[in-house]
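Undergrad: The structure file protein-v5.csv (CSV, C-alpha atoms) is provided below.
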```csv
chain,number,residue,atom,x,y,z
G,1333,MET,CA,116.0,80.1,143.0
G,1334,LYS,CA,113.6,77.9,144.9
G,1335,TYR,CA,113.6,74.1,145.0
G,1336,VAL,CA,110.4,72.6,143.8
G,1337,ASP,CA,110.1,68.9,144.4
G,1338,PRO,CA,108.4,67.3,141.4
G,1339,LYS,CA,107.8,63.9,143.0
G,1340,GLY,CA,105.2,64.7,145.6
G,1341,LEU,CA,107.0,63.3,148.6
G,1342,ASP,CA,104.9,62.2,151.5
G,1343,TRP,CA,105.4,61.1,155.1
G,1344,GLY,CA,104.2,57.6,156.0
G,1345,GLN,CA,103.8,55.9,159.4
G,1346,TRP,CA,103.9,52.4,160.6
G,1347,ASP,CA,103.2,51.0,164.2
G,1348,ASP,CA,105.4,48.1,165.3
G,1349,GLU,CA,104.3,45.2,167.5
G,1350,ASN,CA,105.2,47.3,170.6
G,1351,GLY,CA,103.0,50.1,169.5
G,1352,LYS,CA,105.9,52.3,168.6
G,1353,ARG,CA,105.2,54.5,165.6
G,1354,HIS,CA,107.8,54.8,162.9
G,1355,TYR,CA,107.9,57.6,160.3
G,1356,TRP,CA,109.4,57.5,156.9
G,1357,TYR,CA,109.6,60.2,154.2
G,1358,PHE,CA,108.7,58.5,150.9
G,1359,ASP,CA,109.9,59.1,147.4
G,1360,GLY,CA,106.6,59.4,145.8
G,1361,LYS,CA,103.5,57.7,147.2
G,1362,VAL,CA,103.5,56.2,150.6
G,1363,GLY,CA,104.0,52.4,150.5
G,1364,SER,CA,106.5,49.8,151.8
G,1365,HIS,CA,109.8,50.4,153.5
G,1366,ASN,CA,112.1,47.7,155.0
G,1367,GLY,CA,109.3,45.2,154.6
G,1368,HIS,CA,106.8,47.2,156.5
G,1369,THR,CA,103.7,48.7,155.0
G,1370,TYR,CA,103.3,52.4,155.9
G,1371,ALA,CA,100.1,54.4,155.9
G,1372,ALA,CA,100.0,58.1,154.9
G,1373,VAL,CA,100.3,60.3,157.9
G,1374,GLN,CA,97.0,62.0,158.4
G,1375,GLY,CA,96.5,65.7,158.8
G,1376,LEU,CA,99.3,66.7,156.5
G,1377,ALA,CA,97.2,67.8,153.5
G,1378,ASN,CA,96.7,71.4,152.7
G,1379,GLY,CA,99.8,72.6,154.6
G,1380,GLY,CA,99.0,70.6,157.7
G,1381,SER,CA,101.8,69.4,160.1
G,1382,ARG,CA,102.2,67.1,163.0
G,1383,LEU,CA,104.4,67.0,166.0
G,1384,VAL,CA,106.4,63.8,166.6
G,1385,TYR,CA,109.2,63.0,168.9
G,1386,ASP,CA,112.1,60.6,168.4
G,1387,ASP,CA,113.8,58.2,170.8
G,1388,SER,CA,115.9,60.9,172.4
G,1389,GLY,CA,112.9,63.0,173.1
G,1390,GLU,CA,113.5,65.6,170.5
G,1391,LEU,CA,110.4,67.2,169.1
G,1392,PHE,CA,109.9,67.6,165.4
G,1393,ARG,CA,107.3,69.0,163.2
G,1394,ILE,CA,106.7,67.0,159.9
G,1395,ARG,CA,105.0,68.3,156.8
G,1396,ASN,CA,104.4,66.9,153.2
G,1397,ASN,CA,106.3,69.9,151.9
G,1398,SER,CA,109.8,69.2,150.5
G,1399,ARG,CA,110.9,72.7,151.5
G,1400,ASN,CA,110.4,72.1,155.3
G,1401,TYR,CA,109.4,68.4,155.6
G,1402,LEU,CA,111.2,68.1,158.9
G,1403,GLU,CA,111.5,70.9,161.4
G,1404,ASP,CA,113.3,70.6,164.7
G,1405,VAL,CA,111.1,72.4,167.2
G,1406,GLY,CA,112.7,71.0,170.4
G,1407,ARG,CA,116.1,72.7,170.0
G,1408,TRP,CA,116.6,73.5,173.6
G,1409,GLN,CA,119.6,71.3,173.5
G,1410,ALA,CA,121.1,73.7,171.0
G,1411,ALA,CA,120.8,76.6,173.3
G,1412,SER,CA,123.9,75.6,175.2
G,1413,VAL,CA,126.1,75.6,172.1
G,1414,THR,CA,128.7,78.3,172.6
G,1415,ASN,CA,130.7,77.8,169.5
G,1416,PRO,CA,128.2,76.7,166.8
G,1417,ALA,CA,130.6,76.3,164.0
G,1418,GLN,CA,132.9,73.9,165.9
G,1419,ASP,CA,130.0,72.1,167.4
G,1420,GLN,CA,128.6,71.4,164.0
G,1421,VAL,CA,131.9,70.2,162.8
G,1422,ASN,CA,132.0,67.7,165.6
G,1423,GLN,CA,128.5,66.5,165.4
G,1424,LEU,CA,128.3,66.4,161.7
G,1425,ALA,CA,131.3,64.1,161.5
G,1426,GLY,CA,130.1,60.9,159.8
G,1427,PHE,CA,126.8,62.4,158.8
G,1428,VAL,CA,127.7,64.5,155.8
G,1429,HIS,CA,124.9,64.2,153.4
G,1430,GLY,CA,122.7,66.7,151.6
G,1431,VAL,CA,120.7,68.1,154.4
G,1432,GLY,CA,123.4,68.3,156.9
G,1433,SER,CA,126.1,69.6,154.7
G,1434,ALA,CA,123.7,72.0,153.1
G,1435,LEU,CA,122.5,73.5,156.3
G,1436,ALA,CA,125.6,73.5,158.4
G,1437,GLY,CA,126.6,76.8,157.1
G,1438,PHE,CA,123.3,78.4,158.0
G,1439,ASN,CA,121.8,76.8,161.1
G,1440,PRO,CA,123.5,75.9,164.4
G,1441,GLY,CA,120.8,73.4,165.0
G,1442,ALA,CA,121.1,71.7,161.6
G,1443,HIS,CA,122.9,68.6,162.9
G,1444,MET,CA,119.6,67.6,164.5
G,1445,LEU,CA,117.9,67.4,161.2
G,1446,VAL,CA,120.7,65.1,160.1
G,1447,ASN,CA,120.3,62.9,163.1
G,1448,ALA,CA,116.6,62.7,162.8
G,1449,ALA,CA,116.4,62.2,159.1
G,1450,THR,CA,118.9,59.4,159.0
G,1451,HIS,CA,118.5,57.7,162.3
G,1452,GLN,CA,115.6,58.1,164.8
G,1453,ILE,CA,112.8,59.1,162.5
G,1454,GLY,CA,113.5,57.2,159.4
G,1455,GLY,CA,116.2,54.7,160.3
G,1456,ALA,CA,117.8,55.3,156.9
G,1457,ASP,CA,120.6,53.3,155.4
G,1458,GLU,CA,122.6,54.6,152.5
G,1459,SER,CA,121.5,51.9,150.1
G,1460,ASP,CA,117.9,53.0,150.5
G,1461,PRO,CA,116.6,55.3,147.7
G,1462,GLY,CA,115.0,57.5,150.4
G,1463,TYR,CA,118.4,58.4,151.7
G,1464,HIS,CA,119.5,59.7,148.3
G,1465,ASN,CA,116.1,61.4,148.0
G,1466,ALA,CA,116.8,63.2,151.2
G,1467,ASP,CA,120.2,64.1,149.9
G,1468,ALA,CA,118.6,65.7,146.9
G,1469,ILE,CA,116.2,67.6,149.0
G,1470,GLY,CA,119.0,68.9,151.1
G,1471,ASN,CA,120.9,70.1,148.2
G,1472,GLY,CA,117.7,71.6,146.8
G,1473,LEU,CA,117.4,73.6,150.0
G,1474,VAL,CA,120.7,75.1,149.5
G,1475,LEU,CA,119.5,76.5,146.3
G,1476,GLY,CA,116.3,77.6,148.1
G,1477,ALA,CA,118.2,80.3,149.9
G,1478,ALA,CA,118.5,79.0,153.4
G,1479,ILE,CA,114.9,78.1,154.1
G,1480,PHE,CA,116.1,76.5,157.3
G,1481,THR,CA,117.9,79.6,158.5
G,1482,PRO,CA,116.7,80.2,162.0
G,1483,ALA,CA,113.8,82.6,162.1
G,1484,PRO,CA,113.2,84.8,165.1
G,1485,GLU,CA,110.3,82.6,166.2
G,1486,ALA,CA,112.4,79.5,165.9
G,1487,GLU,CA,115.0,81.0,168.1
G,1488,ALA,CA,112.3,81.9,170.6
G,1489,ALA,CA,111.1,78.3,170.4
G,1490,ALA,CA,114.4,77.1,171.7
G,1491,GLU,CA,113.5,78.7,175.0
G,1492,GLY,CA,110.0,77.2,175.2
G,1493,VAL,CA,106.4,77.8,174.2
G,1494,THR,CA,104.1,80.7,175.1
G,1495,LEU,CA,100.5,79.7,175.4
G,1496,PHE,CA,97.4,81.8,176.1
G,1497,HIS,CA,94.2,80.9,178.0
G,1498,GLY,CA,91.1,83.0,177.8
G,1499,SER,CA,88.6,83.0,180.6
G,1500,ASP,CA,86.9,85.4,183.0
G,1501,ALA,CA,88.9,87.7,185.3
G,1502,VAL,CA,88.1,85.9,188.5
G,1503,SER,CA,89.2,82.5,187.1
G,1504,ILE,CA,92.4,84.0,185.9
G,1505,ASP,CA,93.1,85.6,189.3
G,1506,ASN,CA,92.4,82.3,190.9
G,1507,ILE,CA,94.9,80.5,188.7
G,1508,LEU,CA,97.5,83.2,189.4
G,1509,ALA,CA,96.9,82.9,193.2
G,1510,GLU,CA,96.3,79.1,193.6
G,1511,GLY,CA,97.4,77.5,190.4
G,1512,LEU,CA,95.1,75.3,188.3
G,1513,ASN,CA,92.5,73.6,190.4
G,1514,GLN,CA,89.7,71.3,189.0
G,1515,SER,CA,87.1,72.1,191.7
G,1516,ALA,CA,87.7,75.8,191.3
G,1517,ALA,CA,87.3,75.5,187.5
G,1518,ALA,CA,84.1,73.6,188.0
G,1519,GLU,CA,82.8,76.3,190.2
G,1520,ARG,CA,83.2,78.8,187.4
G,1521,GLY,CA,81.6,76.6,184.8
G,1522,GLY,CA,84.8,75.2,183.4
G,1523,GLY,CA,85.6,71.6,182.5
G,1524,ASP,CA,88.3,69.1,183.3
G,1525,ILE,CA,90.6,70.2,180.4
G,1526,PHE,CA,92.8,73.3,180.5
G,1527,TRP,CA,92.6,74.7,177.0
G,1528,THR,CA,95.4,76.9,175.7
G,1529,THR,CA,96.5,78.3,172.3
G,1530,THR,CA,99.5,79.9,170.8
G,1531,ASN,CA,97.1,82.3,169.0
G,1532,ILE,CA,96.3,85.2,171.2
G,1533,GLU,CA,93.4,86.3,169.1
G,1534,HIS,CA,91.8,82.9,169.6
G,1535,ALA,CA,92.4,83.1,173.3
G,1536,GLN,CA,90.8,86.6,173.4
G,1537,PHE,CA,87.7,85.2,171.7
G,1538,PHE,CA,87.5,82.3,174.3
G,1539,ALA,CA,87.8,84.9,177.0
G,1540,GLU,CA,84.9,86.9,175.6
G,1541,ALA,CA,82.9,83.7,175.5
G,1542,ASN,CA,83.7,82.6,179.1
G,1543,PRO,CA,81.0,80.4,180.6
G,1544,ALA,CA,80.9,82.4,183.8
G,1545,GLY,CA,79.8,85.5,181.9
G,1546,GLY,CA,82.5,87.5,183.7
G,1547,SER,CA,84.9,90.2,182.5
G,1548,PRO,CA,87.2,88.6,179.9
G,1549,ALA,CA,90.9,88.1,180.8
G,1550,LEU,CA,93.9,86.4,179.4
G,1551,LEU,CA,96.4,84.2,181.1
G,1552,ARG,CA,99.9,83.7,179.7
G,1553,VAL,CA,101.5,80.3,180.2
G,1554,ASP,CA,105.2,79.9,179.6
G,1555,ILE,CA,106.5,76.4,179.6
G,1556,SER,CA,109.9,75.0,178.5
G,1557,HIS,CA,110.2,72.5,175.7
G,1558,PRO,CA,111.6,69.8,178.0
G,1559,ALA,CA,108.6,70.3,180.4
G,1560,LEU,CA,106.1,70.2,177.6
G,1561,GLN,CA,107.7,67.1,176.2
G,1562,GLN,CA,107.6,65.5,179.6
G,1563,LEU,CA,103.9,66.0,179.8
G,1564,MET,CA,103.3,64.9,176.2
G,1565,GLN,CA,105.1,61.7,176.7
G,1566,LYS,CA,102.8,61.0,179.7
G,1567,GLY,CA,99.8,61.6,177.4
G,1568,ALA,CA,98.8,64.5,179.6
G,1569,VAL,CA,98.8,67.1,176.9
G,1570,GLU,CA,97.5,66.9,173.3
G,1571,VAL,CA,98.3,69.4,170.5
G,1572,GLN,CA,96.3,70.2,167.4
G,1573,GLY,CA,97.4,73.1,165.3
G,1574,THR,CA,97.6,76.1,167.6
G,1575,THR,CA,95.6,74.4,170.4
G,1576,TYR,CA,97.2,72.7,173.4
G,1577,LYS,CA,95.0,70.9,175.8
G,1578,PHE,CA,96.1,69.8,179.2
G,1579,LEU,CA,94.2,67.0,180.8
G,1580,GLY,CA,93.2,67.2,184.5
G,1581,SER,CA,96.0,64.7,185.3
G,1582,ALA,CA,98.5,67.3,184.1
G,1583,TRP,CA,97.3,70.2,186.1
G,1584,GLN,CA,99.3,69.7,189.3
G,1585,GLU,CA,102.5,69.1,187.3
G,1586,LEU,CA,101.7,72.1,185.0
G,1587,ASN,CA,101.4,74.3,188.2
G,1588,LYS,CA,105.0,73.3,189.0
G,1589,LEU,CA,106.4,73.4,185.4
G,1590,ALA,CA,104.8,76.4,183.9
G,1591,THR,CA,105.0,80.1,184.7
G,1592,PHE,CA,101.6,81.9,184.7
G,1593,SER,CA,101.2,85.6,184.2
G,1594,ARG,CA,98.3,87.9,183.3
G,1595,VAL,CA,98.2,89.5,179.9
G,1596,PRO,CA,97.8,93.3,180.5
M,17,MET,CA,71.4,75.5,189.1
M,18,SER,CA,73.9,75.7,186.2
M,19,LYS,CA,77.0,77.7,186.8
M,20,VAL,CA,77.3,78.4,183.1
M,21,GLN,CA,76.0,81.9,182.5
M,22,PHE,CA,77.1,82.1,178.8
M,23,PRO,CA,75.6,81.3,176.5
M,24,LYS,CA,72.1,81.9,177.9
M,25,ARG,CA,70.0,78.8,177.3
M,26,LYS,CA,66.4,78.9,176.2
M,27,ALA,CA,63.8,76.7,177.8
M,28,ASP,CA,64.6,73.8,175.4
M,29,GLY,CA,68.3,74.2,176.1
M,30,THR,CA,69.2,75.7,172.7
M,31,PHE,CA,71.0,79.0,172.5
M,32,CYS,CA,71.9,81.8,170.0
M,33,VAL,CA,75.1,83.8,170.0
M,34,GLU,CA,76.0,86.9,168.0
M,35,VAL,CA,79.6,87.6,166.9
M,36,THR,CA,80.6,91.1,165.9
M,37,LEU,CA,83.6,91.5,163.6
M,38,ARG,CA,85.1,94.8,162.6
M,39,VAL,CA,85.4,95.3,158.9
M,40,THR,CA,86.6,98.0,156.5
M,41,THR,CA,84.7,98.2,153.2
M,42,SER,CA,83.4,100.9,150.9
M,43,ASP,CA,80.7,98.6,149.6
M,44,ALA,CA,78.8,97.0,152.5
M,45,GLU,CA,76.1,95.5,150.3
M,46,GLU,CA,78.6,93.7,148.1
M,47,LEU,CA,80.5,92.4,151.2
M,48,LEU,CA,77.2,91.2,152.7
M,49,ARG,CA,76.4,89.3,149.4
M,50,ARG,CA,79.8,87.7,149.2
M,51,MET,CA,79.9,86.7,152.8
M,52,THR,CA,76.4,85.2,152.7
M,53,ASN,CA,77.4,83.1,149.7
M,54,TRP,CA,80.6,82.1,151.3
M,55,MET,CA,78.8,81.1,154.5
M,56,ASN,CA,76.3,78.9,152.6
M,57,GLN,CA,79.0,77.2,150.6
M,58,TRP,CA,81.3,76.8,153.6
M,59,VAL,CA,78.7,75.0,155.8
M,60,LYS,CA,78.0,72.6,152.9
M,61,ALA,CA,81.6,71.9,152.5
M,62,ASN,CA,82.5,71.6,156.2
M,63,GLN,CA,80.0,69.3,157.7
M,64,VAL,CA,82.7,67.2,159.2
M,65,TRP,CA,85.8,68.6,160.9
M,66,ILE,CA,88.6,66.1,161.6
M,67,ARG,CA,91.1,67.0,164.2
M,68,VAL,CA,94.2,64.8,164.7
M,69,TRP,CA,95.7,65.3,168.2
M,70,GLU,CA,99.4,64.9,168.7
M,71,PRO,CA,101.5,63.1,169.7
M,72,SER,CA,99.0,60.2,170.0
M,73,GLY,CA,97.5,60.7,166.6
M,74,ARG,CA,94.1,60.4,168.1
M,75,VAL,CA,91.5,61.3,165.5
M,76,GLU,CA,88.5,63.4,166.6
M,77,LYS,CA,85.6,63.7,164.2
M,78,LEU,CA,83.3,66.7,164.8
M,79,ARG,CA,80.0,67.3,163.0
M,80,TYR,CA,78.7,70.8,162.3
M,81,ASP,CA,75.0,69.7,162.5
M,82,GLU,CA,75.6,68.3,166.0
M,83,GLU,CA,76.5,71.8,167.2
M,84,PHE,CA,74.5,74.2,165.2
M,85,LYS,CA,70.9,74.3,164.0
M,86,GLY,CA,71.6,76.1,160.8
M,87,ILE,CA,73.9,78.2,158.7
M,88,PRO,CA,75.3,81.3,160.4
M,89,ARG,CA,73.4,84.4,159.3
M,90,ILE,CA,74.6,87.9,158.9
M,91,VAL,CA,72.0,90.1,160.7
M,92,PHE,CA,73.7,93.4,160.3
M,93,SER,CA,76.4,94.9,158.1
M,94,ASP,CA,77.7,98.3,157.3
M,95,SER,CA,81.1,99.7,156.3
M,96,ARG,CA,82.6,99.1,159.7
M,97,GLU,CA,81.1,96.0,161.2
M,98,ILE,CA,79.2,92.8,160.6
M,99,LYS,CA,77.1,90.9,163.1
M,100,ILE,CA,76.7,87.2,162.6
M,101,GLN,CA,74.2,85.1,164.6
M,102,VAL,CA,74.2,81.3,164.9
M,103,ASP,CA,71.9,78.9,166.8
M,104,GLY,CA,73.3,76.1,168.8
M,105,HIS,CA,71.8,72.8,169.8
M,106,PHE,CA,71.1,72.0,173.5
M,107,SER,CA,73.7,69.3,173.3
M,108,ALA,CA,76.3,71.5,171.6
M,109,ARG,CA,79.7,70.8,173.1
M,110,TRP,CA,82.3,72.1,170.6
M,111,TRP,CA,80.5,75.1,169.3
M,112,LYS,CA,83.2,77.6,170.5
M,113,ASP,CA,85.9,75.5,168.8
M,114,TRP,CA,83.8,75.5,165.6
M,115,LEU,CA,83.1,79.2,165.8
M,116,VAL,CA,86.6,80.4,166.8
M,117,LEU,CA,89.0,77.9,165.2
M,118,LYS,CA,87.1,77.1,162.0
M,119,ILE,CA,84.3,79.5,161.0
M,120,ILE,CA,85.8,82.9,162.0
M,121,GLN,CA,89.3,81.8,161.3
M,122,GLU,CA,88.5,80.8,157.8
M,123,LEU,CA,86.2,83.7,157.3
M,124,LYS,CA,89.1,86.0,158.2
M,125,GLU,CA,91.3,84.2,155.7
M,126,ALA,CA,88.7,84.6,153.0
M,127,PHE,CA,87.9,88.2,153.5
M,128,THR,CA,90.6,90.8,153.9
M,129,GLU,CA,88.0,93.3,154.8
M,130,ILE,CA,87.8,91.8,158.3
M,131,GLN,CA,90.1,93.8,160.5
M,132,ALA,CA,89.8,92.1,163.9
M,133,ASN,CA,87.8,90.0,166.1
M,134,GLY,CA,85.1,92.0,167.8
M,135,SER,CA,83.0,90.5,170.5
M,136,ILE,CA,80.5,87.7,171.2
M,137,LYS,CA,77.3,87.9,173.2
M,138,ASP,CA,73.9,86.3,173.5
M,139,CYS,CA,71.6,87.2,170.6
M,140,ASP,CA,69.0,88.8,172.8
M,141,SER,CA,71.3,90.7,175.1
```
Written as structure tokens, that's how I'd like the structure from this file.
TA:
Amino acid sequence: MKYVDPKGLDWGQWDDENGKRHYWYFDGKVGSHNGHTYAAVQGLANGGSRLVYDDSGELFRIRNNSRNYLEDVGRWQAASVTNPAQDQVNQLAGFVHGVGSALAGFNPGAHMLVNAATHQIGGADESDPGYHNADAIGNGLVLGAAIFTPAPEAEAAAEGVTLFHGSDAVSIDNILAEGLNQSAAAERGGGDIFWTTTNIEHAQFFAEANPAGGSPALLRVDISHPALQQLMQKGAVEVQGTTYKFLGSAWQELNKLATFSRVP
Amino acid sequence: MSKVQFPKRKADGTFCVEVTLRVTTSDAEELLRRMTNWMNQWVKANQVWIRVWEPSGRVEKLRYDEEFKGIPRIVFSDSREIKIQVDGHFSARWWKDWLVLKIIQELKEAFTEIQANGSIKDCDS
């Protein structure tokens, strides 16, 4: 049995006076919460999602989809858990509501959903209808046959992100030998942004269309979640869908933080 | 002298690229008709592409007609491949993003006959 939310729940956002953005998952249309007027989060229509991070630096993907409205994608912290069951018991103490209690039996990283949903992201209190709404969703997910059960790709995500960059063979060889270098990129007709994607087919197409007109080649870029998060917090990398773009200011750091290899 | 070799620019700075996609169909004529209709409708419905970059939430608005001079046209089709040509403006900057991330991506989602990306080249090469 799948849980279908009849209310059309949506994420809203509000920027405080310090420029900090707050997110809240609304019961129905986006409106006011705790005296603040929230605007609908853009880009979530038609199955879209956004990456956000909380005060502790944890990365989350949010969607206007009650089945997976909040996904923890920065679960590198969970990788060190050696006894998930006991760890959940410890960390869930005091946080037992629908989402947490529903998922604890399935997902070693479930406690992070609880933390995020009730504290950093939403700042919920139990008197708020949204809290009970989340509670209902969590229970709904139990009936939905473990939608948050870790998928293989989610487990892989705990290690880091694999990105692909398509270019000409000479440029790829240069990156492998010397790292990213803006003047070298300019020599080959490249710009000041290092474009990568998680979609290898897209990267292959960009390789075919390389500006140097050389033989197409693919570079694989492996970067850990903490390293990526570090660059994101500096504003040195932007993400849209499957596309990750690294600004020139990030290249030196990326050379140190990422592992480059050639796709055979 | 420009270091950019691809796409090859004409004297006025415009360019034309041709994408080849591998397809499997038993009725190439019908596929051609449906794809042509789809392309016409798609361009009308996708004049503006809004990208929201994370984590800043920066909104980027891209316009189709700032990149391309017209609707992509299917210049060849048979039971195994189709060739699509599109003309780009001299000032086109995001044409590859449009082509790869939007047009071809959504074309592939709409037509199960498309088996894989093929190749891209200048129209006159």
Undergrad: Distance cut-off 12 Å, counting all atoms listed in the file - which residues of chain M neighbour chain G? Return them as a PyMOL selection string.
TA: chain M and resi 17-25+33-37+65-76+109+111-121+124+131-138
Undergrad: Report, in Å to a single decimal, how far apart CA of Val1595 (chain G) and CA of Ala1549 (chain G) are.
TA: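 About the pair CA of Ala1549 (chain G) and CA of Val1595 (chain G): they are 7.5 Å apart.
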Undergrad: Go through G:Lys1361, G:Lys1566, G:Ala1501, G:Trp1343 one by one, measure the shortest atom-to-atom distance of each to Pro1596 (chain G) using all atoms listed in the file, and give the residue with the smallest value.
TA: G:Ala1501
Undergrad: CA of Gln63 (chain M) and CA of Tyr80 (chain M), how far apart in Å?
TA: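 Result for CA of Tyr80 (chain M) versus CA of Gln63 (chain M): 5.0 Å, one decimal.
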Undergrad: Do a neighbour search on region 40-53 of chain M at 12 Å with all atoms listed in the file, toss out local chain neighbours closer than 3 positions, and write the hits as a PDB file with C-alpha atoms, keeping the file's coordinate frame.
TA:
```pdb
ATOM      1  CA  LEU M  37      83.600  91.500 163.600  1.00  0.00           C
ATOM      2  CA  ASN M  56      76.300  78.900 152.600  1.00  0.00           C
ATOM      3  CA  GLN M  57      79.000  77.200 150.600  1.00  0.00           C
ATOM      4  CA  TRP M  58      81.300  76.800 153.600  1.00  0.00           C
ATOM      5  CA  VAL M  59      78.700  75.000 155.800  1.00  0.00           C
ATOM      6  CA  LYS M  60      78.000  72.600 152.900  1.00  0.00           C
ATOM      7  CA  ILE M  87      73.900  78.200 158.700  1.00  0.00           C
ATOM      8  CA  PRO M  88      75.300  81.300 160.400  1.00  0.00           C
ATOM      9  CA  ARG M  89      73.400  84.400 159.300  1.00  0.00           C
ATOM     10  CA  ILE M  90      74.600  87.900 158.900  1.00  0.00           C
ATOM     11  CA  VAL M  91      72.000  90.100 160.700  1.00  0.00           C
ATOM     12  CA  PHE M  92      73.700  93.400 160.300  1.00  0.00           C
ATOM     13  CA  SER M  93      76.400  94.900 158.100  1.00  0.00           C
ATOM     14  CA  ASP M  94      77.700  98.300 157.300  1.00  0.00           C
ATOM     15  CA  SER M  95      81.100  99.700 156.300  1.00  0.00           C
ATOM     16  CA  ARG M  96      82.600  99.100 159.700  1.00  0.00           C
ATOM     17  CA  GLU M  97      81.100  96.000 161.200  1.00  0.00           C
ATOM     18  CA  ILE M  98      79.200  92.800 160.600  1.00  0.00           C
ATOM     19  CA  LYS M  99      77.100  90.900 163.100  1.00  0.00           C
ATOM     20  CA  ILE M 100      76.700  87.200 162.600  1.00  0.00           C
ATOM     21  CA  ILE M 119      84.300  79.500 161.000  1.00  0.00           C
ATOM     22  CA  ILE M 120      85.800  82.900 162.000  1.00  0.00           C
ATOM     23  CA  GLU M 122      88.500  80.800 157.800  1.00  0.00           C
ATOM     24  CA  LEU M 123      86.200  83.700 157.300  1.00  0.00           C
ATOM     25  CA  LYS M 124      89.100  86.000 158.200  1.00  0.00           C
ATOM     26  CA  ALA M 126      88.700  84.600 153.000  1.00  0.00           C
ATOM     27  CA  PHE M 127      87.900  88.200 153.500  1.00  0.00           C
ATOM     28  CA  THR M 128      90.600  90.800 153.900  1.00  0.00           C
ATOM     29  CA  GLU M 129      88.000  93.300 154.800  1.00  0.00           C
ATOM     30  CA  ILE M 130      87.800  91.800 158.300  1.00  0.00           C
ATOM     31  CA  GLN M 131      90.100  93.800 160.500  1.00  0.00           C
ATOM     32  CA  ALA M 132      89.800  92.100 163.900  1.00  0.00           C
TER      33      ALA M 132
END
```
Undergrad: Between CA of Gln1514 (chain G) and CA of Thr1528 (chain G), what distance in Å does the model show, to one decimal?
TA: 15.5 Å
Undergrad: Excluding same-chain residues fewer than 3 positions from Asp103 (chain M), what lies within 7 Å of it counting only C-alpha atoms, as a compact mmCIF listing (two decimals) with C-alpha atoms, keeping the file's coordinate frame?
TA:
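To be explicit, this is the file written out as part30.txt:
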```txt
# COMPACT_ATOMS: atom_id res chain seq x y z
CA PHE M 31 71.00 79.00 172.50
CA CYS M 32 71.90 81.80 170.00
CA VAL M 33 75.10 83.80 170.00
CA PHE M 84 74.50 74.20 165.20
CA LYS M 85 70.90 74.30 164.00
CA GLY M 86 71.60 76.10 160.80
```
Undergrad: Near Phe1358 (chain G), counting all atoms listed in the file, which residues have an atom at most 7 Å away, once you skip same-chain residues fewer than 6 positions from it, shown as a list in words?
TA: Leu1341, Asp1342, Trp1343, Gly1344 and Gly1462 of chain G
Undergrad: Residues near Phe1592 (chain G), anyone? I mean within 9 Å using all atoms listed in the file, not counting same-chain ones fewer than 6 positions away, as an NGL selection string.
TA: :G and (1507-1508 or 1511 or 1551-1555)
